[in-house]
Amino acid sequence: MKQLAQLPAKISVHPEDGEFFTSMPCLLPHPTAIPDSGFHRRYFGIKVVHRLLQSVPSLGSDMLLYDAVTGELLALVDTDWITTMRTGAVAAVSSMTLRKSDATTYGMVGLGNTARATLLCILEQEPERHFPVLLVRYKDQAELFAERFKEYKNVSFEIVDDINEVARRSDVFISCITNAQGLLVEDEQTFRPGTTVIPVHMRGLQNCDTTFDRVFGDDTDHVRGFKYFPQYRDYNEIGEVLAGRDPGRRNDQQRIIDYNYGLGLHDVVFAAKLYELATHQLGAIPERTLNAQHSTLNFLPDIPIEKETSKFWV
């Protein structure tokens with residue numbers, strides 16, 4: 001529904017070097033324009049995500065969710081889980097959409113929450129498919145990562161010390177490193193023909209930008225400011241591939257890199273789905289008169305907001 005939504009480019013401010021507050025507004029289309037969405041009202045949401053060096057955890061986010069017809073503030077949403085899972089979902093969909101036809105081996109580096117969410121979505125997306133996954137060793141992260149997925153029968157892990165070996169052997173290479181310093185793989189020729197590279201947090205693989213056959217992004221305004229954007233050989237948005245207007249991978253020899261900078265559209269859709277689940281299925285808040293201009297609540301439960309003070313794992 002991206003072409004039907006109002007989705008301004010995100011805006012960031014930077015308190016200190018390496019820190020940011022980023023605002024991400026999105027107005028979803030009217031439900032009549034997306035009849036299979038299941039939505040009962042039109043939503044507007046604005047997410048604010050921050051990365052602050054003195055915050056624990058350093059990355060956090062919240063959203064205000066509105067009824068876009070009445071202007072009523074429906075919810076204040078802690079979007080840490082939404083951000084993590086929608087990021088993983090987008091990486092999973094992109095990897096399946098852009099990989100070569102005979103792809104088998106996935107490689108992963110940066111094995112935190114985003115990587116966990118990504119692999120959760122990959123495995124649930126294709127439960128009948130077996131995934132050999134190469135993990136780049138860092139401290140005890142690879143072992144903990146493999147332990148997280150011990151109940152999944154459609155994945156097997158190999159822990160590798162050298163990131164270049166993982167890059168060389170992978171058909172799909174996914175980096176979830178949040179703050180890469182320099183290039184992760186110095187020689188981009190390490191990636192074989194047919195490799196799909198997904199830098200989830202945008203960093204560390206820019207040497208692929210000018211030499212890979214195709215480059216994709218989730219929104220052109222997000223990537224047009226990237227250093228090598230004018231030198232991309234063949235660029236389009238991933239949504240055009242999903243909509244069937246672009247073939248995506250043109251052959252199994254092409255090397256492809258995909259930048260999904262993060263769309264507020266996904267955050268608002270996730271938040272609206274969860275809101276409707278809570279209000280209409282779980283009964284956490286009474287049913288509203290959805291076509292009324294002045295909807296009211298019989299009661300508003302008192303819910304304490306308790307922000308995380310330590311690392312959490314999905």
# chains A, B, ... in the order shown; residues from 1 in each chain; ligands from 1
>>> closest_atom_pairs(of="region 162-210 of chain A", to="region 217-232 of chain A", cutoff="9 Å", atoms="only C-alpha atoms", output="tab-separated table")
residue	atom	partner	partner_atom	distance
A:Gln206	CA	A:Tyr228	CA	7.9
A:Asp209	CA	A:Tyr232	CA	6.2
A:Thr210	CA	A:Tyr232	CA	5.5
>>> write_last_selection(atoms="all heavy atoms", output="compact mmCIF listing (two decimals), in the first residue's frame")
# COMPACT_ATOMS: atom_id res chain seq x y z
N GLN A 206 29.42 -0.69 1.63
CA GLN A 206 29.26 0.29 0.57
C GLN A 206 30.15 0.02 -0.63
O GLN A 206 29.90 0.55 -1.72
CB GLN A 206 29.55 1.70 1.12
CG GLN A 206 28.51 2.24 2.06
CD GLN A 206 28.66 1.73 3.48
OE1 GLN A 206 29.60 0.99 3.78
NE2 GLN A 206 27.75 2.13 4.35
N ASP A 209 28.27 -1.07 -3.69
CA ASP A 209 27.28 -0.20 -4.31
C ASP A 209 27.54 0.06 -5.79
O ASP A 209 26.60 0.12 -6.59
CB ASP A 209 27.22 1.15 -3.57
CG ASP A 209 26.63 1.04 -2.17
OD1 ASP A 209 26.30 -0.08 -1.77
OD2 ASP A 209 26.51 2.09 -1.52
N THR A 210 28.78 0.26 -6.15
CA THR A 210 29.10 0.67 -7.52
C THR A 210 29.43 -0.50 -8.43
O THR A 210 29.56 -0.32 -9.65
CB THR A 210 30.28 1.65 -7.53
OG1 THR A 210 31.43 1.00 -6.94
CG2 THR A 210 29.95 2.90 -6.71
>>> select_by_dssp(residues="region 33-226 of chain A", states="strand (DSSP E)", output="PyMOL selection string")
chain A and resi 43-51+59-67+73-78+106-109+131-136+155-160+172-175+196-199+214-217
>>> write_last_selection(atoms="C-alpha atoms", output="JSON list (two decimals), in the first residue's frame")
[["chain", "number", "residue", "atom", "x", "y", "z"],
["A", 43, "TYR", "CA", -4.86, 5.45, 10.99],
["A", 44, "PHE", "CA", -2.12, 8.01, 11.34],
["A", 45, "GLY", "CA", 0.96, 7.25, 13.36],
["A", 46, "ILE", "CA", 4.26, 8.88, 14.12],
["A", 47, "LYS", "CA", 7.12, 6.88, 15.56],
["A", 48, "VAL", "CA", 10.09, 8.48, 17.28],
["A", 49, "VAL", "CA", 13.15, 6.26, 17.47],
["A", 50, "HIS", "CA", 16.29, 7.21, 19.36],
["A", 51, "ARG", "CA", 19.81, 5.96, 19.77],
["A", 59, "LEU", "CA", 18.08, 2.03, 20.98],
["A", 60, "GLY", "CA", 14.42, 2.68, 21.74],
["A", 61, "SER", "CA", 11.22, 3.90, 20.12],
["A", 62, "ASP", "CA", 7.63, 4.97, 20.82],
["A", 63, "MET", "CA", 4.59, 5.81, 18.67],
["A", 64, "LEU", "CA", 1.49, 7.96, 18.86],
["A", 65, "LEU", "CA", -1.36, 6.23, 17.00],
["A", 66, "TYR", "CA", -4.37, 8.31, 15.91],
["A", 67, "ASP", "CA", -7.76, 7.88, 14.31],
["A", 73, "LEU", "CA", -5.32, 9.71, 20.07],
["A", 74, "LEU", "CA", -5.87, 5.97, 20.30],
["A", 75, "ALA", "CA", -2.66, 4.70, 21.81],
["A", 76, "LEU", "CA", 0.83, 5.44, 23.03],
["A", 77, "VAL", "CA", 2.77, 2.40, 21.84],
["A", 78, "ASP", "CA", 6.15, 1.12, 22.98],
["A", 106, "TYR", "CA", 22.67, -18.00, 4.30],
["A", 107, "GLY", "CA", 25.42, -16.08, 6.12],
["A", 108, "MET", "CA", 24.80, -13.81, 9.11],
["A", 109, "VAL", "CA", 26.96, -11.34, 11.03],
["A", 131, "PHE", "CA", 18.34, -23.40, 5.76],
["A", 132, "PRO", "CA", 22.09, -23.97, 6.29],
["A", 133, "VAL", "CA", 23.23, -20.81, 8.10],
["A", 134, "LEU", "CA", 26.82, -19.66, 8.59],
["A", 135, "LEU", "CA", 27.36, -17.50, 11.70],
["A", 136, "VAL", "CA", 30.36, -15.19, 12.13],
["A", 155, "VAL", "CA", 17.83, -24.78, 10.17],
["A", 156, "SER", "CA", 21.39, -25.94, 10.81],
["A", 157, "PHE", "CA", 24.29, -23.77, 11.93],
["A", 158, "GLU", "CA", 28.02, -23.60, 11.32],
["A", 159, "ILE", "CA", 30.09, -21.10, 13.30],
["A", 160, "VAL", "CA", 32.91, -19.56, 11.26],
["A", 172, "VAL", "CA", 22.42, -14.64, 0.89],
["A", 173, "PHE", "CA", 24.63, -12.53, 3.18],
["A", 174, "ILE", "CA", 22.80, -10.60, 5.93],
["A", 175, "SER", "CA", 24.57, -8.09, 8.15],
["A", 196, "THR", "CA", 22.28, -11.27, -2.45],
["A", 197, "VAL", "CA", 23.62, -8.88, 0.20],
["A", 198, "ILE", "CA", 21.31, -7.29, 2.77],
["A", 199, "PRO", "CA", 22.93, -4.70, 5.11],
["A", 214, "ARG", "CA", 21.39, -4.19, -9.06],
["A", 215, "VAL", "CA", 20.68, -2.04, -5.98],
["A", 216, "PHE", "CA", 17.32, -1.89, -4.23],
["A", 217, "GLY", "CA", 15.98, 0.38, -1.49]]
>>> residues_around(residues="Lys100 (chain A)", least_positions_apart="4", cutoff="9 Å", atoms="only C-alpha atoms", output="list in words")
Met96, Asp171, Val172, Gly194, Thr195, Thr196, Arg249, Asn251, Asp252, Gln253 and Gln254 of chain A
>>> write_last_selection(atoms="N, CA and C atoms", output="PDB file, in the first residue's frame")
ATOM      1  N   MET A  96      14.025 -13.633   0.354  1.00  0.00           N
ATOM      2  CA  MET A  96      13.305 -14.615  -0.438  1.00  0.00           C
ATOM      3  C   MET A  96      13.015 -14.078  -1.838  1.00  0.00           C
ATOM      4  N   ASP A 171      25.023 -17.623  -0.269  1.00  0.00           N
ATOM      5  CA  ASP A 171      24.167 -17.181  -1.369  1.00  0.00           C
ATOM      6  C   ASP A 171      23.389 -15.931  -0.973  1.00  0.00           C
ATOM      7  N   VAL A 172      23.047 -15.841   0.319  1.00  0.00           N
ATOM      8  CA  VAL A 172      22.416 -14.644   0.885  1.00  0.00           C
ATOM      9  C   VAL A 172      23.237 -14.244   2.100  1.00  0.00           C
ATOM     10  N   GLY A 194      25.715 -14.095  -8.226  1.00  0.00           N
ATOM     11  CA  GLY A 194      24.446 -14.594  -7.726  1.00  0.00           C
ATOM     12  C   GLY A 194      24.170 -14.287  -6.265  1.00  0.00           C
ATOM     13  N   THR A 195      25.130 -13.689  -5.558  1.00  0.00           N
ATOM     14  CA  THR A 195      24.950 -13.402  -4.130  1.00  0.00           C
ATOM     15  C   THR A 195      23.976 -12.238  -3.926  1.00  0.00           C
ATOM     16  N   THR A 196      23.149 -12.366  -2.903  1.00  0.00           N
ATOM     17  CA  THR A 196      22.282 -11.272  -2.452  1.00  0.00           C
ATOM     18  C   THR A 196      22.797 -10.777  -1.112  1.00  0.00           C
ATOM     19  N   ARG A 249      15.487  -9.808  -9.499  1.00  0.00           N
ATOM     20  CA  ARG A 249      16.661 -10.486 -10.039  1.00  0.00           C
ATOM     21  C   ARG A 249      16.384 -10.875 -11.489  1.00  0.00           C
ATOM     22  N   ASN A 251      18.702 -12.542 -13.490  1.00  0.00           N
ATOM     23  CA  ASN A 251      19.298 -13.850 -13.754  1.00  0.00           C
ATOM     24  C   ASN A 251      20.081 -14.288 -12.528  1.00  0.00           C
ATOM     25  N   ASP A 252      20.518 -15.538 -12.514  1.00  0.00           N
ATOM     26  CA  ASP A 252      21.172 -16.109 -11.336  1.00  0.00           C
ATOM     27  C   ASP A 252      22.640 -15.728 -11.206  1.00  0.00           C
ATOM     28  N   GLN A 253      23.143 -14.929 -12.131  1.00  0.00           N
ATOM     29  CA  GLN A 253      24.528 -14.463 -12.040  1.00  0.00           C
ATOM     30  C   GLN A 253      24.621 -13.067 -11.415  1.00  0.00           C
ATOM     31  N   GLN A 254      23.532 -12.366 -11.366  1.00  0.00           N
ATOM     32  CA  GLN A 254      23.564 -11.005 -10.840  1.00  0.00           C
ATOM     33  C   GLN A 254      23.868 -10.985  -9.343  1.00  0.00           C
TER      34      GLN A 254
END
>>> atom_distance(atom1="CA of Leu205 (chain A)", atom2="CA of Val268 (chain A)")
29.1 Å
>>> closest_residue(among="A:Tyr138, A:Thr178, A:Val314, A:Glu308", to="Ser55 (chain A)", atoms="only C-alpha atoms")
A:Glu308
